[in-house]
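Here is my_file32.txt, consisting of compact mmCIF, C-alpha atoms:
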```txt
# COMPACT_ATOMS: atom_id res chain seq x y z
CA MET A 172 132.27 100.16 154.50
CA LEU A 173 130.74 100.86 151.09
CA LYS A 174 128.83 104.07 150.56
CA GLN A 175 125.08 103.62 149.94
CA LYS A 176 125.34 104.69 146.29
CA GLU A 177 128.03 102.03 145.67
CA ARG A 178 125.71 99.31 147.03
CA ASP A 179 122.80 100.55 144.91
CA ILE A 180 124.45 100.13 141.53
CA ASN A 181 122.03 98.69 138.99
CA ALA A 182 123.85 95.67 137.60
CA HIS A 183 123.39 94.02 134.23
CA VAL A 184 123.74 90.49 133.03
CA VAL A 185 126.50 90.30 130.42
CA ALA A 186 126.02 87.79 127.63
CA VAL A 187 128.24 86.88 124.69
CA PHE A 188 127.17 85.46 121.33
CA ALA A 189 129.27 83.91 118.57
CA PHE A 190 128.97 84.06 114.83
CA VAL A 191 131.16 81.03 114.10
CA GLU A 192 132.73 81.15 110.62
CA LYS A 193 134.11 78.11 108.78
CA ASP A 194 135.06 78.04 105.10
CA GLY A 195 133.00 81.16 104.36
CA LYS A 196 129.89 79.83 106.11
CA ILE A 197 128.26 80.92 109.38
CA LEU A 198 126.80 78.53 111.94
CA LEU A 199 123.28 79.09 113.26
CA ALA A 200 121.36 76.95 115.73
CA LYS A 201 117.62 76.58 116.15
CA ARG A 202 116.76 76.93 119.82
CA SER A 203 114.66 74.34 121.60
CA SER A 204 110.91 74.88 121.39
CA SER A 205 110.84 74.57 125.19
CA ASP A 206 113.37 77.38 125.73
CA PRO A 207 111.71 80.07 127.87
CA GLN A 208 113.68 82.97 126.34
CA SER A 209 113.47 82.41 122.59
CA PRO A 210 111.71 79.15 121.76
CA GLY A 211 112.16 77.72 118.27
CA ILE A 212 114.12 80.60 116.74
CA TRP A 213 117.30 80.45 114.67
CA PHE A 214 120.10 82.24 116.48
CA ILE A 215 123.81 81.96 117.30
CA PRO A 216 125.42 80.14 120.24
CA GLY A 217 126.09 82.11 123.36
CA GLY A 218 125.28 82.67 126.98
CA LYS A 219 125.80 84.59 130.18
CA VAL A 220 129.26 85.53 131.45
CA ASP A 221 129.82 83.86 134.82
CA MET A 222 131.00 85.78 137.87
CA GLU A 223 134.66 84.78 137.68
CA GLU A 224 137.86 86.65 138.21
CA GLY A 225 140.76 86.66 135.80
CA GLY A 226 141.57 87.58 132.27
CA GLU A 227 140.08 86.61 128.93
CA ILE A 228 136.62 86.08 130.46
CA LEU A 229 134.77 86.87 127.23
CA GLU A 230 136.90 84.46 125.21
CA LYS A 231 136.55 81.73 127.86
CA THR A 232 132.78 82.20 127.96
CA LEU A 233 132.46 82.11 124.17
CA LYS A 234 134.52 78.93 123.96
CA ARG A 235 132.50 77.23 126.70
CA GLU A 236 129.10 78.25 125.34
CA VAL A 237 129.87 77.33 121.73
CA MET A 238 131.16 73.92 122.83
CA GLU A 239 128.16 73.30 125.13
CA GLU A 240 125.54 74.37 122.61
CA VAL A 241 126.86 73.16 119.25
CA GLY A 242 129.93 71.00 119.97
CA VAL A 243 132.60 72.92 118.10
CA GLU A 244 135.82 74.51 119.28
CA ILE A 245 136.65 78.08 118.24
CA GLU A 246 139.99 79.84 117.74
CA ASP A 247 141.33 82.23 120.41
CA GLU A 248 140.93 85.37 118.29
CA ILE A 249 137.52 87.04 118.47
CA LEU A 250 136.23 90.25 116.87
CA LEU A 251 133.42 92.35 118.35
CA VAL A 252 130.80 92.98 115.65
CA GLY A 253 127.96 94.41 117.71
CA ASN A 254 126.34 95.05 121.07
CA GLU A 255 122.88 95.72 122.38
CA GLY A 256 120.74 95.83 125.48
CA PHE A 257 117.62 93.73 125.99
CA PHE A 258 115.46 92.28 128.73
CA ARG A 259 115.25 88.56 129.49
CA VAL A 260 111.86 87.01 130.21
CA SER A 261 112.98 87.07 133.87
CA GLY A 262 113.07 90.89 133.72
CA HIS A 263 116.87 91.11 133.99
CA HIS A 264 118.58 93.65 131.75
CA VAL A 265 121.22 92.07 129.52
CA VAL A 266 124.15 93.68 127.73
CA GLY A 267 124.73 91.41 124.74
CA LEU A 268 128.08 91.37 122.94
CA THR A 269 128.25 89.64 119.57
CA PHE A 270 131.57 88.39 118.21
CA LEU A 271 132.89 86.88 115.01
CA CYS A 272 134.82 83.71 115.83
CA ARG A 273 136.61 81.18 113.65
CA TRP A 274 135.92 77.46 113.77
CA LYS A 275 138.89 75.45 115.04
CA LYS A 276 137.63 71.85 115.12
CA GLY A 277 134.64 69.65 115.75
CA VAL A 278 131.41 68.71 114.03
CA ALA A 279 128.48 71.02 114.68
CA LYS A 280 125.49 69.31 116.27
CA PRO A 281 122.50 70.46 118.32
CA LEU A 282 123.33 70.01 122.00
CA GLU A 283 122.26 72.02 125.05
CA ASP A 284 118.90 73.72 124.36
CA GLN A 285 119.27 73.40 120.54
CA GLU A 286 117.09 71.47 118.08
CA GLU A 287 119.01 71.90 114.84
CA VAL A 288 122.23 73.45 113.47
CA LYS A 289 123.13 74.56 109.97
CA TRP A 290 126.04 76.27 108.20
CA PHE A 291 124.86 79.16 106.01
CA THR A 292 126.64 80.92 103.15
CA LYS A 293 126.56 84.71 103.28
CA GLU A 294 123.94 84.74 100.52
CA GLU A 295 121.77 82.14 102.30
CA LEU A 296 122.05 84.09 105.54
CA LYS A 297 121.10 87.34 103.84
CA ASN A 298 117.94 85.74 102.41
CA PHE A 299 116.99 83.47 105.32
CA ASP A 300 113.43 84.49 106.19
CA GLU A 301 113.23 82.55 109.48
CA LEU A 302 115.44 85.02 111.35
CA PRO A 303 113.69 87.06 114.04
CA ASP A 304 113.47 90.79 113.28
CA TYR A 305 115.62 91.74 116.28
CA PHE A 306 118.44 89.48 115.01
CA LYS A 307 118.54 90.89 111.46
CA PRO A 308 120.63 94.00 112.32
CA ARG A 309 123.32 91.73 113.80
CA VAL A 310 123.37 89.66 110.63
CA GLU A 311 123.60 92.81 108.49
CA LYS A 312 126.52 94.06 110.60
CA LEU A 313 128.25 90.67 110.27
CA LEU A 314 127.83 90.71 106.49
CA GLN A 315 129.40 94.20 106.38
CA VAL A 316 132.37 92.97 108.43
CA LEU A 317 132.82 89.91 106.20
CA GLY A 318 132.60 92.07 103.07
```

Target format structure tokens, applied to this file:
Amino acid sequence: MLKQKERDINAHVVAVFAFVEKDGKILLAKRSSSDPQSPGIWFIPGGKVDMEEGGEILEKTLKREVMEEVGVEIEDEILLVGNEGFFRVSGHHVVGLTFLCRWKKGVAKPLEDQEEVKWFTKEELKNFDELPDYFKPRVEKLLQVLG
């Protein structure tokens, strides 16, 4: 039998997000205007980590989400470039992990909950004024990592 304090653990949703890099460019996707969380904003593919057992869950989730949202396959190697906590519109607390991933194959296209996709150079990304304020620190961190 579990102790009361073990049953009362405040849990978080864990989400992963992917900066996908190909030939020196980074892929962003414009979210659907009907998306309840972040309608119409430019962002990176990602989503919630499912309740599964086994290894490599972050990598598996990133691969699945990138394929579902923008139709490209990413390499196995991922690099953590940032993390943050935020609240979904549902009120759930989310721990968001942002990774740098490398494109493996496929043509980027807007799929699940996306309206548009575009590959950005580092300079274009740095000067892209349609990024939400809360996303800019992640982009700055990515640009530092890329050099």

Q: Skip Leu233 in chain A itself and residues of its chain fewer than 6 positions away, then list as a ChimeraX atom specification all residues within 7 Å of it, counting all atoms listed in the file.
A: /A:187-189,217

Q | For Val260 in chain A: contacts at 10 Å, all atoms listed in the file, fewer than 6 positions along chain excluded, given as number ranges by chain | A | A: 207-209

Neighbour list for range 291-302 of chain A as a compact mmCIF listing (two decimals) with C-alpha atoms, in the coordinates of the input, cut-off 9 Å, all atoms listed in the file, skip fewer than 2 positions in-chain:
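Okay, around12.txt is ready:
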```
# COMPACT_ATOMS: atom_id res chain seq x y z
CA GLY A 195 133.00 81.16 104.36
CA LYS A 196 129.89 79.83 106.11
CA ILE A 197 128.26 80.92 109.38
CA LEU A 198 126.80 78.53 111.94
CA LEU A 199 123.28 79.09 113.26
CA ILE A 212 114.12 80.60 116.74
CA TRP A 213 117.30 80.45 114.67
CA PHE A 214 120.10 82.24 116.48
CA LYS A 289 123.13 74.56 109.97
CA ASP A 304 113.47 90.79 113.28
CA TYR A 305 115.62 91.74 116.28
CA PHE A 306 118.44 89.48 115.01
CA LYS A 307 118.54 90.89 111.46
CA VAL A 310 123.37 89.66 110.63
CA GLU A 311 123.60 92.81 108.49
CA LEU A 314 127.83 90.71 106.49
CA LEU A 317 132.82 89.91 106.20
```

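For the set A:His264, A:Arg309, A:Lys193, A:Arg259, the residue with the smallest atom-to-atom gap to Val278 in chain A is A:Lys193, counting only C-alpha atoms.
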
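Interatomic distance, CA of Ala200 in chain A to CA of Lys234 in chain A: 15.6 Å.
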
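Here CA of Gln315 in chain A is placed at a distance of 18.9 Å from CA of Pro303 in chain A.
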
**Q.** Neighbour list for Thr232 in chain A as number ranges by chain, cut-off 8 Å, only C-alpha atoms, skip fewer than 6 positions in-chain
**A.** A: 187, 218-221

Save the residues we just selected, C-alpha atoms, as an mmCIF file, in the frame of the given file?
```
data_model
loop_
_atom_site.group_PDB
_atom_site.id
_atom_site.type_symbol
_atom_site.label_atom_id
_atom_site.label_comp_id
_atom_site.auth_asym_id
_atom_site.auth_seq_id
_atom_site.Cartn_x
_atom_site.Cartn_y
_atom_site.Cartn_z
ATOM 1 C CA VAL A 187 128.240 86.880 124.690
ATOM 2 C CA GLY A 218 125.280 82.670 126.980
ATOM 3 C CA LYS A 219 125.800 84.590 130.180
ATOM 4 C CA VAL A 220 129.260 85.530 131.450
ATOM 5 C CA ASP A 221 129.820 83.860 134.820
#
```

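Here the question is which of A:Asp194, A:Glu230, A:Glu239, A:Asp206 gets nearest to Glu283 in chain A using only C-alpha atoms, and that residue is A:Glu239.
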
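Pairwise distance (CA of Phe270 in chain A, CA of Glu224 in chain A) equals 21.0 Å.
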
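Restricting the calculation to only C-alpha atoms, the smallest distance between Ala182 in chain A and any of A:Lys275, A:His263, A:Glu286, A:Thr269 is found for A:His263.
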
Q.
as a PyMOL selection string, please: the residues near Lys276 in chain A (cut-off 8 Å, all atoms listed in the file, same-chain neighbours under 6 positions excluded).
A. chain A and resi 243-245

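Ranking A:Val184, A:Gly277, A:Val288, A:Lys312 by their shortest atom-to-atom distance to Ile215 in chain A, with all atoms listed in the file included, puts A:Val288 first.
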